[in-house]
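Engineer: Dropping a structure here in structure tokens format, bear with me for questions.
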Amino acid sequence: MPTRFAPRPLPCVIALATLFPAAAMAADGKITAEQVVGHYADLAHANYQDALVAARTLDERIDALLAEPNDATLAAARQAWREARIPYQQSEVFRFGNAVVDDWEGQLNAWPLDEGMIDYVAGDDYQHELGNAGATANIIANERIQVAGESLDVSELTPELLADLNEIGGSEANVATGYHAIEFLLWGQDLHGFEAGNGERPASDYMSGDACTHGHCDRRGAYLDAASDLLVDDLEWMVAQWAPDQDDNYRQALLAESPEEGLRRMLFGMGSLSLGELAGERMKVALEANSVEDEHDCFSDNTHNSHYYNGQGIQNVYTGTYQRLDGSTLEGPALSDLVAAEDSTLDATLTDQLANSMKELDALKQAAEADQAPMAFDMMIAPGNERGAELVNNAILALVTQTGSIEKAAGELGVNSLQSDDAGHTF
Amino acid sequence: MFKRLGRLGLAALTLATAPLLADDDAPQARERWHQAIDQRYGVLVDASERLEASADRFCEQPDTSHRRRLTQDWLEAYQAWQAVRFVDFGPIEQQSRAWQLQFWPDRKNLVGRKMQAWLAADQPPSAEQIADGSVAAQGFPALEYLLFDDAMQDDEALTHPVACGLMRAIANHLADGTSALRRDWQRFGDHYRHTASYTGATLHGALLALETLEDKRLGSPMGLTGGAPNGYLAEAWRSGRSIRLIEGTLHGLEDTFLPGLKTLLARRGEAALADDFREALDRTRRRAAKMSSGLAPALDDGAAFSELQGLHVQIGQLRHQLEEIGGTLGLARGFNASDGD
């Protein structure tokens, strides 16, 4: 378990948490869908606040690394990155149901990326997306890059420029920003394949003068600084979208919808993350194809934690509970309460299944973090690793199983159309 | 906004099996579907066995006519799979069988890298080794690499004992796999016929097949889902047979999915809907049959690209029609394993 952040004063959170006892119960003592959706917005707000706090710490550690690049400052920045993933990965459950998140998140968590667009890569062990014209652009080494016949001035590495470079040349693999770009700049490529070990970028990649390794250290530092600043800016924006005391933000729009629409977005987010994204894209493809390219946090080998906290986010939304970075717990009216009122057996089943998924995801985490012979996710998916395959398969199966019950719960709550929100958008 | 549709579209438009068709008035439809799918799996088994034999013959006597026959048998078996690929429930769900037959999409050329690794070995693998390894090295795209990749264009490349042994092992595994698939489908028959929710699952499979055709197999390489046009995102780009595979899928929907759908709609007094769908499907399939076989070359050719656009539009209309039919039948929407981004 990574160490938690030092407690920080977050006065408005405490206020939110204390709102619950007063507002939770309707006149007849029954929890209403409106209350559940309202608390869901509270959860999202708290979760993004934590993601922001952790990203600010990461940003400070990156500034410290750039001010004085050495093994200790690099290790501290890496640790801050790992901790920043804890709240962010939990927040992914808000992504699929809420267009405001899904439209925004590509700049923060797009994956997989063709990292040769950003910096140097090993010539013989770099497989980029076929047909991606930007896959070897190397922005750090070049003040001007050519992508798909277009010549671009990248001399000044600002957050705005990096945001504009995302998906340049029309390829989703051209990820210039976000957690995984920062991860690559802190760790470098993992050249160990299915063997133990992750990226081994030296701190000297950020040193100046003769001590600089791999060239262009100043530009590399400027890139990392800009990417980190952008991450903080982006999270600030999302926190504001869920803040309770603001007009014209997403929270207001969500709460103005019918409660059924709110429930639909909640359930859609849970089911999509559980089945298609986590069980499918992030685990099954990597396992069945023995593909390290399909590993989620492939530079840092932190994949087990990304998966674990994705699962945690799904459980959070169902139980209406979120454990904050400062150790406090936010609780309130939950989907679970609504389902239990309709079908207590289904609620018990789904509650157990969510707990079981967390147990299986924890087994991945324990194996990856074991003191003796740790097995990271990229080792689990190696050809012939039966124990690794079993660990991953058990987690997949648990997620598939709980998704079936999420669908049933949706049916019980009268949510029959589990589709994404496209209301008000023109395509 | 268009991009978001690309990423969420599949999740958005899929059908679940939950509360639909509360009264099971559809056993006749499932009976027809089970039979039709069984026949189609039978065609796949036969074609896979011909392909296996053809690979053996070529390796024993690598001449031009055996090579031509091998290529033809590969395409026929690959098309036979396309025809029944809409069946995404039942035994095909076991052991990632669909990926064993066709690992796709493959944006990062995993097929190529897995094949290069096997080709660099001293000895060819056994079929068991292929079965235990990556799905990327097991199916039609893996064979396509051996038959069509630039690295294999030298006359000697495929006749090399390691390459030929590799091809035979893959073809052997493929024939074994399809044969087991059909056997399991037959055993699955009673359960399928007696379980009402498979009516929805079957409709859902066909709808997802059309969505995949529209968004992933055509829209994505054509650059219509937010990215730039990229021929490598098409299926079968190495062989330039992308459109032939699409034709195979349309053909399979026509002769494997449609009969059960007609039965189902006729019982609801909605036979006209089935007729409209059949006409549109037939028109679309005939259009695809007349088009040249590759997708990537059409990206740089105005006239050919217009043809692709026309096909894309027609498939979109088919998808829309089937969604309407789903609505008429009271299907609910839910999750499926290919949503996510």
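Chain labels A, B, ... are given in the sequence in which chains occur in the structure tokens; within each chain residues are numbered consecutively from 1, and ligands are likewise numbered from 1 in the order shown.
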Within 6 Å of stretch 97-104 of chain B, counting only C-alpha atoms, which residues qualify if same-chain residues fewer than 5 places away don't, as a list in words?
Structural biologist: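 The residues that qualify are Ile92, Val135, Ala136, Gln138, Gly139 and Phe140 of chain B.
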Engineer: Distance table requested - stretch 189-295 of chain A against stretch 81-100 of chain A, cut-off 8 Å, only C-alpha atoms: one row per qualifying residue with the closest atom pair and its distance in Å to one decimal, ordered by chain and rising residue number, as CSV.
Structural biologist:
residue,atom,partner,partner_atom,distance
A:Tyr250,CA,A:Val100,CA,7.2
A:Arg264,CA,A:Gly97,CA,7.6
A:Arg265,CA,A:Gly97,CA,4.2
A:Met266,CA,A:Gly97,CA,6.1
A:Leu267,CA,A:Gly97,CA,7.5
A:Phe268,CA,A:Gly97,CA,5.2
A:Gly269,CA,A:Gly97,CA,4.4
A:Met270,CA,A:Val93,CA,5.6
A:Ser272,CA,A:Phe96,CA,6.6
A:Leu273,CA,A:Val93,CA,6.2
Engineer: For B:Arg40, please output as a list in words all residues within 7 Å (counting only C-alpha atoms; exclusion window: fewer than 4 positions along the same chain).
Structural biologist: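 The contact residues come out as Ala36, Leu44 and Val84 of chain B.
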Engineer: Write out as a ChimeraX atom specification all residues of stretch 32-240 of chain B that DSSP puts in helix (DSSP H, G or I) for this structure's backbone.
Structural biologist: /B:32-60,64-84,90-101,110-119,127-132,135-137,140-148,150-152,161-187,189-194,197-222,231-233
Engineer: So, counting only C-alpha atoms, which residue among A:Ala173, A:Asn138, A:Ala148, A:Tyr318 is closest to A:Asn109?
Structural biologist: A:Ala173
Engineer: Report as an NGL selection string all protein, DNA and RNA residues lying within 6 Å of stretch 225-242 of chain A, evaluated on only C-alpha atoms, omitting residues in the same chain fewer than 3 positions from it.
Structural biologist: :A and (45 or 48-49 or 52 or 55 or 59 or 158-159 or 177 or 222 or 249-251)
Engineer: Using only C-alpha atoms, which residues sit within 10 Å of B:Asp73 once same-chain residues fewer than 5 positions away are excluded, as a list in words?
Structural biologist: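 The residues that qualify are Ala47, Ser48, Glu49, Arg50, Leu51, Glu52, Ala53, Ser54, Ala55, Arg67, Arg68, Tyr78 and Gln79 of chain B.
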Engineer: Hey, which of B:His204, B:His66, B:His34, B:Lys114 ends up closest to chain A? Count only C-alpha atoms.
Structural biologist: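 Among B:His204, B:His66, B:His34, B:Lys114, it is B:Lys114 that comes nearest to chain A.
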Engineer: Pick out each residue of stretch 143-342 of chain A that DSSP on the backbone tags as strand (DSSP E); I need them as a list in words.
Structural biologist: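 Matching residues for strand (DSSP E) in stretch 143-342 of chain A are Arg144, Ile145, Gln146, Val147, Glu150, Ser151, Leu152, Asp153, Thr321, Tyr322, Gln323, Thr329, Leu330 and Glu331 of chain A.
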Engineer: Please produce a file of those selected residues containing C-alpha atoms, as a compact mmCIF listing (two decimals), in the first residue's frame.
Structural biologist:
# COMPACT_ATOMS: atom_id res chain seq x y z
CA ARG A 144 10.10 22.11 -35.28
CA ILE A 145 8.39 18.83 -36.13
CA GLN A 146 6.82 17.46 -39.29
CA VAL A 147 3.61 15.48 -38.93
CA GLU A 150 2.51 19.76 -41.64
CA SER A 151 5.46 21.65 -40.16
CA LEU A 152 4.90 22.81 -36.59
CA ASP A 153 6.81 25.22 -34.39
CA THR A 321 -18.77 5.77 0.07
CA TYR A 322 -15.41 7.33 -0.68
CA GLN A 323 -12.33 7.20 1.44
CA THR A 329 -14.72 8.84 4.74
CA LEU A 330 -17.54 10.42 2.80
CA GLU A 331 -20.80 8.53 3.08
Engineer: Rounded to one decimal place, report the atom CA of A:Gln246-atom CA of A:Ala46 distance in Å.
Structural biologist: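 Taking atom CA of A:Gln246 as the start and atom CA of A:Ala46 as the end point, the length is 15.1 Å.
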Engineer: Have a look at B:Arg182, B:Arg278, B:Arg69, B:Arg238 and name the one nearest to chain A; count only C-alpha atoms.
Structural biologist: B:Arg238
Engineer: I'd like the contact shell of stretch 288-291 of chain A - 8 Å cut-off, only C-alpha atoms, skipping same-chain residues fewer than 5 positions apart - returned as a tab-separated table (two decimals) with N, CA, C and O atoms, in the first residue's frame.
Structural biologist:
chain	number	residue	atom	x	y	z
A	381	ILE	N	1.10	-11.41	-17.58
A	381	ILE	CA	0.56	-11.68	-18.92
A	381	ILE	C	1.58	-12.35	-19.83
A	381	ILE	O	1.34	-12.51	-21.03
A	382	ALA	N	2.71	-12.79	-19.27
A	382	ALA	CA	3.72	-13.48	-20.08
A	382	ALA	C	3.19	-14.83	-20.56
A	382	ALA	O	2.41	-15.48	-19.86
A	383	PRO	N	3.59	-15.26	-21.77
A	383	PRO	CA	3.17	-16.58	-22.24
A	383	PRO	C	3.58	-17.65	-21.23
A	383	PRO	O	4.70	-17.63	-20.73
B	96	SER	N	-11.59	-17.19	-25.37
B	96	SER	CA	-11.32	-16.12	-26.36
B	96	SER	C	-11.30	-16.66	-27.78
B	96	SER	O	-10.46	-16.30	-28.59
B	110	LEU	N	0.89	-6.28	-33.34
B	110	LEU	CA	1.26	-7.41	-32.50
B	110	LEU	C	1.36	-8.69	-33.32
B	110	LEU	O	2.24	-9.53	-33.08
B	133	GLY	N	0.12	-20.09	-26.83
B	133	GLY	CA	0.73	-18.76	-26.97
B	133	GLY	C	-0.29	-17.67	-27.19
B	133	GLY	O	-1.49	-17.82	-26.92
B	134	SER	N	0.19	-16.56	-27.72
B	134	SER	CA	-0.63	-15.37	-27.93
B	134	SER	C	-1.73	-15.62	-28.96
B	134	SER	O	-1.48	-16.24	-30.00
B	135	VAL	N	-2.92	-15.09	-28.71
B	135	VAL	CA	-3.99	-15.19	-29.70
B	135	VAL	C	-3.60	-14.47	-31.00
B	135	VAL	O	-4.12	-14.79	-32.07
B	136	ALA	N	-2.67	-13.53	-30.91
B	136	ALA	CA	-2.27	-12.80	-32.12
B	136	ALA	C	-1.57	-13.71	-33.13
B	136	ALA	O	-1.51	-13.39	-34.32
Engineer: Find the residues near A:Gly170: any atom within 12 Å, counting only C-alpha atoms, skip ones fewer than 2 places away on the same chain, and give them as a PyMOL selection string.
Structural biologist: (chain A and resi 129+131-135+147-148+150+164-168+172-175) or (chain B and resi 3+220-230)
Engineer: B:Ala142, B:Leu329, B:Leu311, B:Ala175: which is nearest B:Leu265, counting only C-alpha atoms?
Structural biologist: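 So, comparing all the options, the nearest one is B:Leu329.
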Engineer: In terms of the shortest atom-to-atom distance over only C-alpha atoms, which of B:Phe86, B:Phe58, B:Ala120, B:Arg107 is closest to B:Ala201?
Structural biologist: B:Phe86
Engineer: Counting only C-alpha atoms, which of B:Ser242, B:Arg267, B:Gly205, B:Asp132 gets nearest to B:Leu322?
Structural biologist: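 Residue with the minimum atom-to-atom distance to B:Leu322: B:Gly205.
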Engineer: What does the distance between atom CA of A:Ala80 and atom CA of A:Gly199 come to in Å, to one decimal place?
Structural biologist: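 The value is 16.3 Å.
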